[in-house]
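Note: the block below is data.csv and it holds CSV, C-alpha atoms.
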chain,number,residue,atom,x,y,z
A,1,MET,CA,-26.0,2.6,-63.2
A,2,SER,CA,-26.9,5.9,-64.8
A,3,ALA,CA,-25.0,9.1,-64.3
A,4,SER,CA,-27.6,10.7,-62.0
A,5,PRO,CA,-27.7,8.0,-59.3
A,6,ARG,CA,-23.9,7.8,-59.4
A,7,ARG,CA,-23.7,11.5,-58.9
A,8,ARG,CA,-26.1,11.3,-55.9
A,9,LEU,CA,-24.0,8.5,-54.3
A,10,ARG,CA,-20.9,10.7,-54.7
A,11,ARG,CA,-22.7,13.5,-53.0
A,12,LEU,CA,-24.0,11.4,-50.1
A,13,PRO,CA,-21.0,12.1,-47.8
A,14,LEU,CA,-21.6,15.8,-48.4
A,15,TYR,CA,-25.3,15.5,-47.5
A,16,ALA,CA,-24.4,13.5,-44.4
A,17,ALA,CA,-21.8,16.1,-43.3
A,18,ALA,CA,-24.3,18.9,-43.9
A,19,THR,CA,-27.0,17.1,-41.9
A,20,LEU,CA,-24.6,16.5,-39.1
A,21,THR,CA,-23.5,20.1,-39.0
A,22,VAL,CA,-27.1,21.4,-39.0
A,23,LEU,CA,-28.0,19.0,-36.1
A,24,LEU,CA,-24.9,20.1,-34.1
A,25,CYS,CA,-25.8,23.7,-34.6
A,26,LEU,CA,-29.5,23.3,-33.7
A,27,PHE,CA,-29.2,21.0,-30.7
A,28,PRO,CA,-28.2,23.8,-28.2
A,29,VAL,CA,-31.1,25.8,-29.4
A,30,TYR,CA,-33.5,22.8,-29.0
A,31,TRP,CA,-32.1,22.1,-25.6
A,32,MET,CA,-32.6,25.7,-24.5
A,33,VAL,CA,-36.3,25.7,-25.7
A,34,ALA,CA,-36.9,22.2,-24.2
A,35,THR,CA,-35.4,23.2,-20.9
A,36,ALA,CA,-37.7,26.3,-20.8
A,37,PHE,CA,-40.7,24.0,-20.9
A,38,LYS,CA,-39.5,21.4,-18.4
A,39,PRO,CA,-40.7,21.3,-14.8
A,40,SER,CA,-38.0,22.4,-12.3
A,41,ARG,CA,-37.7,18.8,-11.0
A,42,ASP,CA,-36.7,17.5,-14.4
A,43,ILE,CA,-34.1,20.2,-15.3
A,44,GLN,CA,-31.4,19.0,-13.0
A,45,SER,CA,-32.3,15.4,-13.2
A,46,TYR,CA,-29.5,12.8,-13.2
A,47,GLU,CA,-31.2,11.2,-16.2
A,48,PRO,CA,-31.7,14.1,-18.8
A,49,ARG,CA,-34.2,13.3,-21.6
A,50,LEU,CA,-34.3,14.8,-25.0
A,51,ILE,CA,-38.1,15.1,-25.0
A,52,PRO,CA,-39.6,16.3,-21.7
A,53,ASP,CA,-42.2,14.0,-20.0
A,54,ALA,CA,-44.2,17.0,-18.9
A,55,TRP,CA,-44.5,20.5,-20.1
A,56,THR,CA,-45.0,23.7,-18.1
A,57,LEU,CA,-45.2,27.5,-18.7
A,58,ASP,CA,-44.2,28.4,-15.2
A,59,HIS,CA,-40.7,29.4,-16.3
A,60,PHE,CA,-42.1,31.8,-18.9
A,61,ARG,CA,-44.4,33.4,-16.3
A,62,ARG,CA,-41.5,34.0,-14.0
A,63,ALA,CA,-39.4,35.4,-16.8
A,64,VAL,CA,-42.1,37.8,-18.1
A,65,GLY,CA,-43.0,38.7,-14.5
A,66,ALA,CA,-39.4,39.5,-13.5
A,67,ASP,CA,-38.6,43.1,-12.6
A,68,GLY,CA,-37.7,45.3,-15.6
A,69,PHE,CA,-38.7,42.8,-18.4
A,70,GLY,CA,-40.8,45.3,-20.4
A,71,LEU,CA,-38.4,48.2,-19.7
A,72,PHE,CA,-35.3,46.3,-20.7
A,73,TRP,CA,-37.1,45.0,-23.8
A,74,ARG,CA,-37.8,48.6,-24.8
A,75,ASN,CA,-34.2,49.6,-24.2
A,76,SER,CA,-32.9,46.8,-26.4
A,77,ALA,CA,-35.3,47.6,-29.2
A,78,LEU,CA,-34.6,51.3,-29.0
A,79,VAL,CA,-30.8,51.0,-29.0
A,80,THR,CA,-30.7,48.3,-31.7
A,81,LEU,CA,-33.1,50.0,-34.1
A,82,SER,CA,-31.4,53.4,-33.7
A,83,ALA,CA,-27.9,51.9,-34.3
A,84,VAL,CA,-29.0,50.0,-37.4
A,85,LEU,CA,-30.8,53.0,-38.9
A,86,LEU,CA,-27.9,55.3,-38.2
A,87,ALA,CA,-25.4,52.8,-39.7
A,88,LEU,CA,-27.5,52.4,-42.8
A,89,VAL,CA,-27.8,56.2,-43.4
A,90,VAL,CA,-24.1,56.9,-42.9
A,91,ALA,CA,-22.9,53.8,-44.7
A,92,LEU,CA,-25.1,54.4,-47.7
A,93,GLY,CA,-23.5,57.8,-48.2
A,94,ALA,CA,-20.0,56.5,-47.7
A,95,ALA,CA,-20.5,53.4,-49.9
A,96,TYR,CA,-21.9,55.6,-52.7
A,97,ALA,CA,-19.0,58.0,-52.5
A,98,VAL,CA,-16.5,55.1,-52.7
A,99,ALA,CA,-18.3,53.2,-55.5
A,100,ARG,CA,-19.4,56.0,-57.8
A,101,LEU,CA,-17.0,59.0,-57.2
A,102,ARG,CA,-13.3,59.3,-57.8
A,103,TRP,CA,-11.4,61.2,-55.1
A,104,ARG,CA,-8.0,61.2,-53.6
A,105,GLY,CA,-7.6,58.8,-50.7
A,106,ARG,CA,-10.5,56.5,-51.7
A,107,ARG,CA,-8.4,53.3,-51.5
A,108,GLN,CA,-6.9,54.4,-48.2
A,109,PHE,CA,-10.4,55.0,-46.9
A,110,MET,CA,-11.5,51.5,-47.8
A,111,LEU,CA,-8.3,50.0,-46.3
A,112,ALA,CA,-9.1,51.8,-43.0
A,113,VAL,CA,-12.7,50.4,-43.2
A,114,PHE,CA,-11.4,46.9,-43.7
A,115,ILE,CA,-9.0,47.3,-40.8
A,116,ALA,CA,-11.8,48.5,-38.6
A,117,GLN,CA,-13.9,45.5,-39.6
A,118,MET,CA,-11.1,43.1,-38.7
A,119,ALA,CA,-10.4,44.7,-35.3
A,120,PRO,CA,-11.7,42.8,-32.3
A,121,TRP,CA,-14.1,45.2,-30.7
A,122,GLU,CA,-13.7,43.6,-27.3
A,123,SER,CA,-10.1,45.1,-27.2
A,124,LEU,CA,-11.7,48.6,-27.2
A,125,VAL,CA,-13.8,48.2,-24.1
A,126,ILE,CA,-11.5,50.0,-21.8
A,127,PRO,CA,-10.8,53.0,-24.2
A,128,VAL,CA,-14.6,53.3,-24.9
A,129,TYR,CA,-15.3,53.2,-21.1
A,130,ILE,CA,-12.7,55.9,-20.4
A,131,ILE,CA,-14.1,58.1,-23.2
A,132,SER,CA,-17.7,57.6,-22.0
A,133,ARG,CA,-16.7,58.4,-18.4
A,134,ASP,CA,-14.8,61.6,-19.4
A,135,THR,CA,-17.6,62.9,-21.6
A,136,GLY,CA,-20.4,62.1,-19.1
A,137,MET,CA,-22.0,59.4,-21.3
A,138,LEU,CA,-21.8,56.5,-18.8
A,139,ASP,CA,-25.2,55.0,-17.9
A,140,ARG,CA,-26.8,56.5,-21.0
A,141,LEU,CA,-28.5,54.7,-23.8
A,142,PRO,CA,-27.1,57.1,-26.5
A,143,ALA,CA,-23.5,55.9,-25.6
A,144,LEU,CA,-24.6,52.3,-26.2
A,145,THR,CA,-26.2,53.3,-29.4
A,146,LEU,CA,-23.1,55.0,-30.7
A,147,VAL,CA,-21.0,51.9,-29.8
A,148,TYR,CA,-23.3,49.6,-31.7
A,149,PHE,CA,-23.3,52.0,-34.6
A,150,MET,CA,-19.4,52.0,-34.5
A,151,ILE,CA,-19.4,48.2,-34.5
A,152,THR,CA,-21.8,47.7,-37.4
A,153,LEU,CA,-20.7,50.5,-39.6
A,154,PRO,CA,-17.6,49.0,-41.3
A,155,PHE,CA,-19.5,45.8,-42.4
A,156,THR,CA,-22.3,47.9,-43.7
A,157,VAL,CA,-20.0,50.1,-45.7
A,158,VAL,CA,-18.2,47.1,-47.3
A,159,VAL,CA,-21.4,45.3,-48.3
A,160,LEU,CA,-23.2,48.3,-49.6
A,161,ARG,CA,-20.2,49.5,-51.5
A,162,GLY,CA,-19.9,46.2,-53.4
A,163,PHE,CA,-23.6,46.2,-54.0
A,164,ILE,CA,-23.7,49.8,-55.4
A,165,ALA,CA,-20.7,48.9,-57.6
A,166,SER,CA,-22.7,46.0,-59.1
A,167,ILE,CA,-25.5,48.3,-60.3
A,168,PRO,CA,-24.7,49.7,-63.8
A,169,PRO,CA,-24.0,53.4,-63.6
A,170,GLU,CA,-25.6,53.8,-67.0
A,171,LEU,CA,-29.0,53.5,-65.3
A,172,GLU,CA,-28.4,56.6,-63.2
A,173,GLU,CA,-26.8,58.4,-66.1
A,174,ALA,CA,-30.0,57.8,-68.2
A,175,ALA,CA,-32.1,59.2,-65.4
A,176,GLN,CA,-29.9,62.3,-65.2
A,177,VAL,CA,-30.3,62.8,-69.0
A,178,ASP,CA,-34.1,62.8,-68.4
A,179,GLY,CA,-33.7,65.7,-66.0
A,180,CYS,CA,-32.9,64.1,-62.6
A,181,THR,CA,-30.2,65.3,-60.4
A,182,ARG,CA,-27.5,62.9,-59.2
A,183,THR,CA,-29.3,62.6,-55.8
A,184,GLY,CA,-32.7,62.1,-57.6
A,185,ALA,CA,-31.2,59.5,-59.9
A,186,PHE,CA,-29.8,57.6,-57.0
A,187,ARG,CA,-33.1,57.8,-55.0
A,188,ARG,CA,-35.3,56.8,-58.0
A,189,VAL,CA,-33.1,54.3,-59.8
A,190,ALA,CA,-30.4,52.8,-57.6
A,191,LEU,CA,-32.0,52.8,-54.2
A,192,PRO,CA,-34.8,50.4,-55.1
A,193,LEU,CA,-32.2,48.0,-56.4
A,194,LEU,CA,-30.3,48.1,-53.1
A,195,ALA,CA,-33.1,46.4,-51.2
A,196,PRO,CA,-31.3,43.0,-50.8
A,197,GLY,CA,-28.1,44.7,-49.7
A,198,LEU,CA,-30.0,46.9,-47.2
A,199,MET,CA,-31.8,43.9,-45.8
A,200,ALA,CA,-28.6,41.9,-45.4
A,201,THR,CA,-26.8,44.6,-43.6
A,202,SER,CA,-29.8,45.4,-41.5
A,203,LEU,CA,-30.0,41.8,-40.4
A,204,PHE,CA,-26.3,41.7,-39.4
A,205,GLY,CA,-26.6,44.9,-37.6
A,206,PHE,CA,-29.7,43.9,-35.7
A,207,ILE,CA,-28.4,40.6,-34.6
A,208,THR,CA,-25.0,42.1,-33.5
A,209,ALA,CA,-26.6,44.9,-31.5
A,210,TRP,CA,-29.4,42.8,-30.1
A,211,ASN,CA,-27.1,40.1,-28.7
A,212,GLU,CA,-24.2,42.4,-27.5
A,213,PHE,CA,-23.4,42.0,-23.8
A,214,THR,CA,-19.9,43.3,-23.0
A,215,TYR,CA,-20.4,47.0,-23.8
A,216,ALA,CA,-23.9,46.9,-22.3
A,217,ASN,CA,-22.5,45.5,-19.1
A,218,PHE,CA,-19.6,48.0,-18.9
A,219,LEU,CA,-21.2,51.2,-20.0
A,220,ILE,CA,-24.5,50.8,-18.0
A,221,ILE,CA,-23.3,50.4,-14.4
A,222,LYS,CA,-25.4,52.5,-12.0
A,223,GLN,CA,-28.6,53.2,-13.9
A,224,GLN,CA,-30.4,49.9,-13.8
A,225,ASP,CA,-33.3,51.2,-15.8
A,226,SER,CA,-30.9,51.8,-18.8
A,227,ARG,CA,-29.8,48.2,-19.1
A,228,THR,CA,-30.7,45.9,-22.0
A,229,LEU,CA,-32.0,42.4,-22.3
A,230,PRO,CA,-28.6,40.6,-22.5
A,231,VAL,CA,-27.6,42.1,-19.1
A,232,TRP,CA,-31.1,41.4,-17.8
A,233,LEU,CA,-30.6,37.7,-18.4
A,234,SER,CA,-27.8,37.6,-15.8
A,235,SER,CA,-30.4,38.6,-13.1
A,236,PHE,CA,-31.6,35.0,-12.9
A,237,GLN,CA,-28.2,34.1,-11.3
A,238,SER,CA,-27.6,34.8,-7.7
A,239,THR,CA,-25.4,33.6,-4.8
A,240,PHE,CA,-28.0,31.0,-4.1
A,241,GLY,CA,-27.7,29.4,-7.5
A,242,THR,CA,-29.2,29.8,-11.0
A,243,ASP,CA,-32.8,29.5,-11.9
A,244,TRP,CA,-32.2,27.5,-15.1
A,245,GLY,CA,-35.8,27.2,-16.0
A,246,ALA,CA,-36.4,31.0,-15.9
A,247,THR,CA,-33.0,31.6,-17.6
A,248,MET,CA,-33.8,29.3,-20.5
A,249,ALA,CA,-37.3,30.8,-20.8
A,250,ALA,CA,-35.9,34.3,-20.8
A,251,ALA,CA,-33.3,33.3,-23.4
A,252,THR,CA,-36.0,31.8,-25.6
A,253,LEU,CA,-38.0,35.1,-25.4
A,254,PHE,CA,-34.8,37.0,-26.1
A,255,ALA,CA,-34.0,35.0,-29.2
A,256,LEU,CA,-37.5,35.4,-30.7
A,257,PRO,CA,-37.1,38.9,-32.2
A,258,ALA,CA,-33.8,38.0,-33.9
A,259,LEU,CA,-35.4,34.8,-35.3
A,260,ILE,CA,-38.5,36.7,-36.5
A,261,VAL,CA,-36.3,39.3,-38.2
A,262,PHE,CA,-34.2,36.6,-39.8
A,263,LEU,CA,-37.2,34.7,-41.2
A,264,ALA,CA,-38.6,38.0,-42.5
A,265,LEU,CA,-35.4,39.0,-44.3
A,266,GLN,CA,-33.7,35.7,-45.1
A,267,ARG,CA,-34.9,35.7,-48.8
A,268,HIS,CA,-32.8,38.8,-49.3
A,269,VAL,CA,-29.8,37.9,-47.2
A,270,THR,CA,-28.1,35.5,-49.6
A,271,SER,CA,-28.6,37.6,-52.7
A,272,GLY,CA,-27.5,40.8,-50.8
A,273,LEU,CA,-24.3,39.3,-49.5
A,274,ALA,CA,-23.5,37.6,-52.8
A,275,SER,CA,-24.1,40.8,-54.8
A,276,GLY,CA,-22.2,42.9,-52.3
A,277,GLY,CA,-19.0,40.8,-53.0
A,278,VAL,CA,-19.2,40.8,-56.8
A,279,LYS,CA,-17.5,44.0,-57.8
A,280,GLY,CA,-15.1,46.3,-56.1
This structure in structure tokens:
Amino acid sequence: MSASPRRRLRRLPLYAAATLTVLLCLFPVYWMVATAFKPSRDIQSYEPRLIPDAWTLDHFRRAVGADGFGLFWRNSALVTLSAVLLALVVALGAAYAVARLRWRGRRQFMLAVFIAQMAPWESLVIPVYIISRDTGMLDRLPALTLVYFMITLPFTVVVLRGFIASIPPELEEAAQVDGCTRTGAFRRVALPLLAPGLMATSLFGFITAWNEFTYANFLIIKQQDSRTLPVWLSSFQSTFGTDWGATMAAATLFALPALIVFLALQRHVTSGLASGGVKG
């Protein structure tokens, strides 16, 4: 037996484990989508089937026709995009200062960023609620935007800092020799090379803010019109039971934007995360 078939046989358990992992991760997603298309009589059947015998769009019609669907969709998009853009702007400046400049307290600053990244954000729900209440920011989308900005900022700083450090500073120095300012050299030379890192951090921030439920449920209490899609999903549950078909259809519609963003940016995600961890 040649070396190549022997090597493939040795890797067979790894391939099998990888295939099993993928199936286990994708099965809940498949079950959600399949349930969204099942007729109501088949959803709670005592004999569940992997492939529905019949298909229907009634659950999607109820989900789209539910009160506030368009409004909550707009709220989620507005809050998510605002938080991601704000985090990118602030993190880009902080990452550049840490990667390129030498100043007292730089290491302590990065240590604080790492600690903030490791902290469980759920433990800050009560302090954030109290601060929002005392400052009159409860039931307002800007408060939610600032919270999502706070959650995504540490990761964005860490990744962009490593990515900027991996770009040779000689490129910017050459641009400065040609007459560019430091800001102009960064904008013309380094910024285009940061595209993979920006894509990776944008994807992380988008998925984190888009899926977040806890803060959206605690900070938006009275103003129903300011709620986001994750909170809206709970509207299909009542004292009379849960409309599982409409819930799965709404969850499928809710997952589509994140899936579309991931598919659009996935080419840059791996390279961005890998490059962001090369130097420090």
Can you build me a table of range 9-107 of chain A residues sitting at most 10 Å from range 198-222 of chain A, with the closest atom pair per residue and its distance in Å to one decimal, using all atoms listed in the file, sorted by chain and residue number, as a tab-separated table?
residue	atom	partner	partner_atom	distance
A:Ser76	CA	A:Trp210	CA	6.5
A:Ala77	CA	A:Trp210	CA	7.7
A:Val79	CA	A:Ala209	CA	7.8
A:Thr80	CA	A:Ala209	CA	5.3
A:Leu81	CA	A:Phe206	CA	7.2
A:Ser82	CA	A:Phe206	CA	9.9
A:Ala83	CA	A:Ala209	CA	7.7
A:Val84	CA	A:Gly205	CA	5.6
A:Leu85	CA	A:Ser202	CA	8.1
A:Ala87	CA	A:Gly205	CA	8.3
A:Leu88	CA	A:Leu198	CA	7.5
A:Leu92	CA	A:Leu198	CA	9.0
Dump as a compact mmCIF listing (two decimals), in the coordinates of the input, selection limited to C-alpha atoms:
# COMPACT_ATOMS: atom_id res chain seq x y z
CA SER A 76 -32.90 46.80 -26.40
CA ALA A 77 -35.30 47.60 -29.20
CA VAL A 79 -30.80 51.00 -29.00
CA THR A 80 -30.70 48.30 -31.70
CA LEU A 81 -33.10 50.00 -34.10
CA SER A 82 -31.40 53.40 -33.70
CA ALA A 83 -27.90 51.90 -34.30
CA VAL A 84 -29.00 50.00 -37.40
CA LEU A 85 -30.80 53.00 -38.90
CA ALA A 87 -25.40 52.80 -39.70
CA LEU A 88 -27.50 52.40 -42.80
CA LEU A 92 -25.10 54.40 -47.70
So which one's closest to Gln223 in chain A, A:Trp244, A:Ala249, A:Pro168, A:Asp139? Using all atoms listed in the file, please.
-> A:Asp139
Select, from A:Met248, A:Leu265, A:Met137, A:Leu233, the residue with the minimum atom-to-atom distance to Ala66 in chain A, counting all atoms listed in the file.
->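 For Ala66 in chain A, the nearest of the candidates is A:Leu233.
Separating CA of Gly162 in chain A from CA of Leu86 in chain A is a distance of 19.4 Å.
Among the candidates A:Ala116, A:Leu124, A:Asn75, A:Gln44, the one nearest to Leu141 in chain A when counting all atoms listed in the file is A:Asn75.
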Hey, can you check how far CA of Pro39 in chain A sits from CA of Ala54 in chain A?
-> 6.9 Å
Computed interatomic separation between CA of Ala36 in chain A and CA of Arg227 in chain A (Å) = 23.3 Å
Point out the residue among A:Leu78, A:Val98, A:Ala119, A:Cys25 with the least atom-to-atom distance to Thr145 in chain A, counting only C-alpha atoms.
-> A:Leu78
For Ala97 in chain A, please output as a list in words all residues within 10 Å (counting all atoms listed in the file; exclusion window: fewer than 4 positions along the same chain).
->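 So the residues in contact are Ala91, Leu92, Gly93, Leu101, Arg102, Trp103, Arg106, Arg161 and Ile164 of chain A.
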Smallest atom-to-atom distance to Ala34 in chain A: which of A:Met150, A:Val189, A:Leu50, A:Leu20, using only C-alpha atoms?
-> A:Leu50
Would you list the contacts of Leu57 in chain A as a list in words, taking every protein, DNA or RNA residue within 8 Å and counting only C-alpha atoms, but skipping same-chain residues closer than 2 positions in sequence?
->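 So the residues in contact are Ala36, Phe37, Trp55, His59, Phe60 and Arg61 of chain A.
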Within 12 Å of (-34.8, 55.6, -65.6), all atoms listed in the file: residues as number ranges by chain?
-> A: 168-181, 184-190, 192
Can you patch up range 44-68 of chain A, filling it in to N, CA, C and O atoms, and show the result as an mmCIF file, keeping the file's coordinate frame?
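For reference, out-v2.cif as written:
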data_model
loop_
_atom_site.group_PDB
_atom_site.id
_atom_site.type_symbol
_atom_site.label_atom_id
_atom_site.label_comp_id
_atom_site.auth_asym_id
_atom_site.auth_seq_id
_atom_site.Cartn_x
_atom_site.Cartn_y
_atom_site.Cartn_z
ATOM 1 N N GLN A 44 -32.648 19.493 -13.554
ATOM 2 C CA GLN A 44 -31.400 19.000 -13.000
ATOM 3 C C GLN A 44 -31.430 17.544 -12.644
ATOM 4 O O GLN A 44 -30.763 17.092 -11.723
ATOM 5 N N SER A 45 -32.208 16.819 -13.388
ATOM 6 C CA SER A 45 -32.300 15.400 -13.200
ATOM 7 C C SER A 45 -31.012 14.680 -13.571
ATOM 8 O O SER A 45 -30.298 15.128 -14.479
ATOM 9 N N TYR A 46 -30.705 13.592 -12.886
ATOM 10 C CA TYR A 46 -29.500 12.800 -13.200
ATOM 11 C C TYR A 46 -29.719 12.020 -14.504
ATOM 12 O O TYR A 46 -28.753 11.473 -15.048
ATOM 13 N N GLU A 47 -30.930 11.958 -14.987
ATOM 14 C CA GLU A 47 -31.200 11.200 -16.200
ATOM 15 C C GLU A 47 -31.892 12.234 -17.218
ATOM 16 O O GLU A 47 -33.116 12.250 -17.359
ATOM 17 N N PRO A 48 -31.097 13.073 -17.860
ATOM 18 C CA PRO A 48 -31.700 14.100 -18.800
ATOM 19 C C PRO A 48 -32.321 13.359 -19.987
ATOM 20 O O PRO A 48 -31.846 12.326 -20.462
ATOM 21 N N ARG A 49 -33.416 13.915 -20.446
ATOM 22 C CA ARG A 49 -34.200 13.300 -21.600
ATOM 23 C C ARG A 49 -34.296 14.370 -22.678
ATOM 24 O O ARG A 49 -34.490 15.557 -22.415
ATOM 25 N N LEU A 50 -34.189 13.886 -23.898
ATOM 26 C CA LEU A 50 -34.300 14.800 -25.000
ATOM 27 C C LEU A 50 -35.687 15.388 -25.152
ATOM 28 O O LEU A 50 -35.849 16.556 -25.490
ATOM 29 N N ILE A 51 -36.694 14.585 -24.865
ATOM 30 C CA ILE A 51 -38.100 15.100 -25.000
ATOM 31 C C ILE A 51 -38.663 15.073 -23.546
ATOM 32 O O ILE A 51 -38.693 14.039 -22.862
ATOM 33 N N PRO A 52 -39.096 16.229 -23.070
ATOM 34 C CA PRO A 52 -39.600 16.300 -21.700
ATOM 35 C C PRO A 52 -40.869 15.424 -21.533
ATOM 36 O O PRO A 52 -41.711 15.310 -22.430
ATOM 37 N N ASP A 53 -40.966 14.802 -20.353
ATOM 38 C CA ASP A 53 -42.200 14.000 -20.000
ATOM 39 C C ASP A 53 -43.353 14.895 -19.757
ATOM 40 O O ASP A 53 -44.498 14.521 -20.041
ATOM 41 N N ALA A 54 -43.087 16.041 -19.185
ATOM 42 C CA ALA A 54 -44.200 17.000 -18.900
ATOM 43 C C ALA A 54 -43.756 18.371 -19.348
ATOM 44 O O ALA A 54 -42.573 18.673 -19.496
ATOM 45 N N TRP A 55 -44.768 19.197 -19.583
ATOM 46 C CA TRP A 55 -44.500 20.500 -20.100
ATOM 47 C C TRP A 55 -45.165 21.560 -19.155
ATOM 48 O O TRP A 55 -46.224 21.309 -18.587
ATOM 49 N N THR A 56 -44.497 22.699 -18.990
ATOM 50 C CA THR A 56 -45.000 23.700 -18.100
ATOM 51 C C THR A 56 -44.664 25.111 -18.667
ATOM 52 O O THR A 56 -43.661 25.266 -19.377
ATOM 53 N N LEU A 57 -45.485 26.089 -18.323
ATOM 54 C CA LEU A 57 -45.200 27.500 -18.700
ATOM 55 C C LEU A 57 -44.823 28.338 -17.510
ATOM 56 O O LEU A 57 -44.743 29.565 -17.631
ATOM 57 N N ASP A 58 -44.551 27.685 -16.377
ATOM 58 C CA ASP A 58 -44.200 28.400 -15.200
ATOM 59 C C ASP A 58 -42.943 29.266 -15.354
ATOM 60 O O ASP A 58 -42.848 30.394 -14.849
ATOM 61 N N HIS A 59 -41.955 28.709 -16.055
ATOM 62 C CA HIS A 59 -40.700 29.400 -16.300
ATOM 63 C C HIS A 59 -40.929 30.700 -17.086
ATOM 64 O O HIS A 59 -40.316 31.741 -16.818
ATOM 65 N N PHE A 60 -41.786 30.618 -18.091
ATOM 66 C CA PHE A 60 -42.100 31.800 -18.900
ATOM 67 C C PHE A 60 -42.826 32.849 -18.077
ATOM 68 O O PHE A 60 -42.595 34.047 -18.246
ATOM 69 N N ARG A 61 -43.704 32.394 -17.181
ATOM 70 C CA ARG A 61 -44.400 33.400 -16.300
ATOM 71 C C ARG A 61 -43.446 34.077 -15.407
ATOM 72 O O ARG A 61 -43.571 35.294 -15.187
ATOM 73 N N ARG A 62 -42.465 33.351 -14.862
ATOM 74 C CA ARG A 62 -41.500 34.000 -14.000
ATOM 75 C C ARG A 62 -40.600 34.952 -14.776
ATOM 76 O O ARG A 62 -40.233 36.018 -14.281
ATOM 77 N N ALA A 63 -40.262 34.576 -15.998
ATOM 78 C CA ALA A 63 -39.400 35.400 -16.800
ATOM 79 C C ALA A 63 -40.128 36.730 -17.190
ATOM 80 O O ALA A 63 -39.574 37.832 -17.055
ATOM 81 N N VAL A 64 -41.364 36.598 -17.657
ATOM 82 C CA VAL A 64 -42.100 37.800 -18.100
ATOM 83 C C VAL A 64 -42.456 38.645 -16.847
ATOM 84 O O VAL A 64 -42.490 39.883 -16.934
ATOM 85 N N GLY A 65 -42.686 38.002 -15.686
ATOM 86 C CA GLY A 65 -43.000 38.700 -14.500
ATOM 87 C C GLY A 65 -41.831 39.298 -13.730
ATOM 88 O O GLY A 65 -42.007 39.970 -12.714
ATOM 89 N N ALA A 66 -40.610 39.024 -14.213
ATOM 90 C CA ALA A 66 -39.400 39.500 -13.500
ATOM 91 C C ALA A 66 -39.341 41.041 -13.635
ATOM 92 O O ALA A 66 -39.844 41.654 -14.581
ATOM 93 N N ASP A 67 -38.686 41.649 -12.661
ATOM 94 C CA ASP A 67 -38.600 43.100 -12.600
ATOM 95 C C ASP A 67 -37.818 43.610 -13.863
ATOM 96 O O ASP A 67 -36.734 43.115 -14.200
ATOM 97 N N GLY A 68 -38.407 44.590 -14.523
ATOM 98 C CA GLY A 68 -37.700 45.300 -15.600
ATOM 99 C C GLY A 68 -37.834 44.584 -16.967
ATOM 100 O O GLY A 68 -37.201 45.045 -17.927
#
